[in-house]
Amino acid sequence: MSVSVHAADFDVSTEIGRLSDGDTSIGAIATFIGKVRGEAHGKPLISMQLEHYPGMTEAELTRIEDEARTRFHLTASRIIHRVGTLLPGDNIVLVIACSQHRHDAIAACDFLMDYLKTQAPFWKKETGSDGVGSWVDARSSDDEALRRWR
Amino acid sequence: MSVSVHAADFDVSTEIGRLSDGDTSIGAIATFIGKVRGEAHGKPLISMQLEHYPGMTEAELTRIEDEARTRFHLTASRIIHRVGTLLPGDNIVLVIACSQHRHDAIAACDFLMDYLKTQAPFWKKETGSDGVGSWVDARSSDDEALRRWR
Amino acid sequence: MSTPTEPRTLSVRYFAWVREKTGISEERIAVPANVVTVGDLAMWMQTRGPEFAAAFAKPDAIRAALDHRHVKADAVIGQAREIGFFPPVTGG
Amino acid sequence: MSTPTEPRTLSVRYFAWVREKTGISEERIAVPANVVTVGDLAMWMQTRGPEFAAAFAKPDAIRAALDHRHVKADAVIGQAREIGFFPPVTGG
């Protein structure tokens, strides 16, 4: 179980290999990747700035991973979240959940993303073609998604 | 949208890249990998033979993908299923679902796996350390999982 | 087109333990005149000797596909060109 | 250890638009004696000049963390060493 927050990109195959190579108890690996879209509110997006709360981010992501381990049978998990300036098509976040069986892996991946979206201290600022940056508003649908797990 | 059935292994990053590179409408990519476990029914597993129904497999997987597209907002999807002799730790199946938003991607991945498990004409034969091969029994839990989507 | 006096021919494919028990993976058969449904064909299979009797001893344990589509025992074979017999699937 | 006569000091960190409005990302403050909860501190922030008044104009729009844990406005600051103020999170 591990979390990383950094500017560099990640490679999914490499991360899956690190988590699962040599562990033949793993029968299921669910992965989620979040990416920067080229459009926001119907307008072209030029870039996105990802800010976070160093120290708290790692603590919060670790708490979220720990919570997932109490709810699902997980063999291993991994969260990577990028920060800094990102462009359309760039990766933002990677979540991997490894389990013996598929429903635990997929549900854990879903759970980790819902918690990350609503609990982990990251903030997105979107810059459009007019050069003006605006902070992304939190979405109530994310809070509703979180309620599924209560 | 595409399906492949072959003996060769797959690389997740390569497949994700083929599906999503250059498409900045994609904000979410959910992936599932099924692997051969080193144990079956509490005994060591030496190898697994994957048999399928050529022609029908591709037709059925395509129908399953089409059905997923009617239920979820998907930008792209991909199913790869290996056949032949596999060893513990080997990849068996890869499902990728790309969407604008995460819930469609994750739910589609979940749906595709549930349908694949119960509808796609694959059969597993497990060979244990005694050299005896036995065909895997279908699991009623897979049928129950399918009912969630009815 | 088949006519009542000309027996239909059908490709039959067997998979997994059904294939192992019958001892063949694929054949072409002339469908008997009194075989209308998939279930009829499975029952007729039992009469084709000990291997087939063993393979089709429990018809409920066997699934079928007509021209690459899953069907139930009451499905009419009709003009289908291919039927597959196999156990419940276990892929993924 | 702080005593009633010795004001507690607290690290305060600001993020996203809260940081932009206050104009600073981090500072160390002496907590006023009448500030007990996180909500008290947010109210007191409004009195620190126009930038802070603007940043904390709508306390409901701001979230807080004490020593890296999310807290509500009624949380007691107590012996916490660090507080963060920020908008609802939008990562992932």
# chains A, B, ... in the order shown; residues from 1 in each chain; ligands from 1
$ interface_residues --of "chain A" --to "chain D" --cutoff "12 Å" --atoms "only C-alpha atoms" --output "NGL selection string"
:A and (5 or 32-36 or 48-64 or 79-83 or 91-95 or 110 or 112-126 or 133-143)
$ interface_residues --of "chain A" --to "chain B" --cutoff "9 Å" --atoms "only C-alpha atoms" --output "NGL selection string"
:A and (11-14 or 16 or 20-39 or 88-91 or 100-103 or 105-107 or 109-110 or 113)
$ write_last_selection --atoms "C-alpha atoms" --output "mmCIF file, in the first residue's frame"
data_model
loop_
_atom_site.group_PDB
_atom_site.id
_atom_site.type_symbol
_atom_site.label_atom_id
_atom_site.label_comp_id
_atom_site.auth_asym_id
_atom_site.auth_seq_id
_atom_site.Cartn_x
_atom_site.Cartn_y
_atom_site.Cartn_z
ATOM 1 C CA ASP A 11 3.356 4.461 -16.365
ATOM 2 C CA VAL A 12 0.464 2.132 -15.619
ATOM 3 C CA SER A 13 2.197 -1.089 -16.651
ATOM 4 C CA THR A 14 5.239 -0.263 -14.532
ATOM 5 C CA ILE A 16 0.985 -2.626 -11.915
ATOM 6 C CA SER A 20 1.735 -7.513 -8.488
ATOM 7 C CA ASP A 21 4.793 -9.174 -10.045
ATOM 8 C CA GLY A 22 5.603 -12.388 -8.222
ATOM 9 C CA ASP A 23 2.432 -12.359 -6.123
ATOM 10 C CA THR A 24 0.347 -15.236 -7.473
ATOM 11 C CA SER A 25 -2.373 -14.675 -4.872
ATOM 12 C CA ILE A 26 -3.574 -11.758 -7.018
ATOM 13 C CA GLY A 27 -6.331 -12.696 -9.456
ATOM 14 C CA ALA A 28 -7.777 -9.252 -10.128
ATOM 15 C CA ILE A 29 -6.324 -5.803 -10.738
ATOM 16 C CA ALA A 30 -8.617 -2.804 -11.149
ATOM 17 C CA THR A 31 -7.131 0.475 -12.278
ATOM 18 C CA PHE A 32 -8.436 3.966 -12.706
ATOM 19 C CA ILE A 33 -6.718 6.814 -14.533
ATOM 20 C CA GLY A 34 -8.017 10.377 -14.456
ATOM 21 C CA LYS A 35 -6.895 12.639 -17.293
ATOM 22 C CA VAL A 36 -7.037 16.331 -18.177
ATOM 23 C CA ARG A 37 -9.798 16.909 -20.706
ATOM 24 C CA GLY A 38 -9.436 19.419 -23.520
ATOM 25 C CA GLU A 39 -12.611 21.230 -22.609
ATOM 26 C CA PRO A 88 -5.044 18.302 -22.009
ATOM 27 C CA GLY A 89 -4.479 14.555 -22.386
ATOM 28 C CA ASP A 90 -2.074 14.438 -19.442
ATOM 29 C CA ASN A 91 -2.591 11.921 -16.673
ATOM 30 C CA GLN A 100 -7.929 -12.216 -5.210
ATOM 31 C CA HIS A 101 -11.314 -11.565 -6.803
ATOM 32 C CA ARG A 102 -12.663 -8.992 -9.185
ATOM 33 C CA HIS A 103 -15.494 -7.444 -7.199
ATOM 34 C CA ALA A 105 -10.689 -4.920 -6.788
ATOM 35 C CA ILE A 106 -13.269 -2.961 -8.803
ATOM 36 C CA ALA A 107 -15.250 -1.773 -5.766
ATOM 37 C CA CYS A 109 -10.960 1.286 -7.053
ATOM 38 C CA ASP A 110 -14.380 2.984 -7.191
ATOM 39 C CA MET A 113 -11.644 7.474 -6.306
#
$ atom_distance --atom1 "CA of Arg19 (chain D)" --atom2 "CA of Phe56 (chain D)"
10.8 Å
$ select_by_dssp --residues "chain B" --states "helix (DSSP H, G or I)" --output "VMD selection string"
chain B and resid 12 to 20 56 to 71 102 to 119 140 to 147
$ residues_around --residues "Gln46 (chain C)" --least-positions-apart "3" --cutoff "7 Å" --atoms "only C-alpha atoms" --output "CSV table (one decimal) with all heavy atoms, in the first residue's frame"
chain,number,residue,atom,x,y,z
C,42,ALA,N,-30.1,-32.5,-28.5
C,42,ALA,CA,-29.3,-33.0,-27.3
C,42,ALA,C,-29.8,-34.4,-26.9
C,42,ALA,O,-29.0,-35.3,-26.6
C,42,ALA,CB,-29.4,-32.0,-26.2
C,43,MET,N,-31.1,-34.6,-27.0
C,43,MET,CA,-31.7,-35.9,-26.6
C,43,MET,C,-31.2,-37.0,-27.7
C,43,MET,O,-30.8,-38.1,-27.3
C,43,MET,CB,-33.2,-35.9,-26.6
C,43,MET,CG,-33.8,-35.0,-25.5
C,43,MET,SD,-33.3,-35.6,-23.8
C,43,MET,CE,-34.5,-36.9,-23.6
C,52,PHE,N,-21.2,-40.4,-26.8
C,52,PHE,CA,-22.3,-39.3,-26.8
C,52,PHE,C,-23.3,-39.5,-25.7
C,52,PHE,O,-23.7,-38.4,-25.1
C,52,PHE,CB,-23.0,-39.3,-28.2
C,52,PHE,CG,-22.1,-38.6,-29.2
C,52,PHE,CD1,-21.1,-39.3,-29.9
C,52,PHE,CD2,-22.4,-37.3,-29.6
C,52,PHE,CE1,-20.4,-38.7,-30.9
C,52,PHE,CE2,-21.6,-36.7,-30.5
C,52,PHE,CZ,-20.6,-37.4,-31.2
C,53,ALA,N,-23.6,-40.7,-25.3
C,53,ALA,CA,-24.5,-40.9,-24.2
C,53,ALA,C,-23.9,-40.3,-22.9
C,53,ALA,O,-24.6,-39.7,-22.1
C,53,ALA,CB,-24.7,-42.4,-24.0
C,56,PHE,N,-23.8,-36.3,-23.2
C,56,PHE,CA,-25.2,-35.7,-23.1
C,56,PHE,C,-26.0,-36.3,-22.0
C,56,PHE,O,-27.3,-36.1,-22.0
C,56,PHE,CB,-25.9,-35.7,-24.4
C,56,PHE,CG,-25.3,-34.8,-25.4
C,56,PHE,CD1,-24.2,-35.1,-26.2
C,56,PHE,CD2,-25.8,-33.5,-25.6
C,56,PHE,CE1,-23.6,-34.2,-27.1
C,56,PHE,CE2,-25.3,-32.6,-26.5
C,56,PHE,CZ,-24.1,-32.9,-27.2
C,57,ALA,N,-25.4,-37.0,-21.0
C,57,ALA,CA,-26.2,-37.7,-20.0
C,57,ALA,C,-27.0,-36.7,-19.2
C,57,ALA,O,-28.1,-37.0,-18.8
C,57,ALA,CB,-25.2,-38.5,-19.1
$ atom_distance --atom1 "CA of Ser2 (chain A)" --atom2 "CA of Ser77 (chain A)"
6.7 Å
$ residues_around --residues "Ile77 (chain D)" --least-positions-apart "6" --cutoff "8 Å" --atoms "only C-alpha atoms" --output "ChimeraX atom specification"
/D:36-38,66
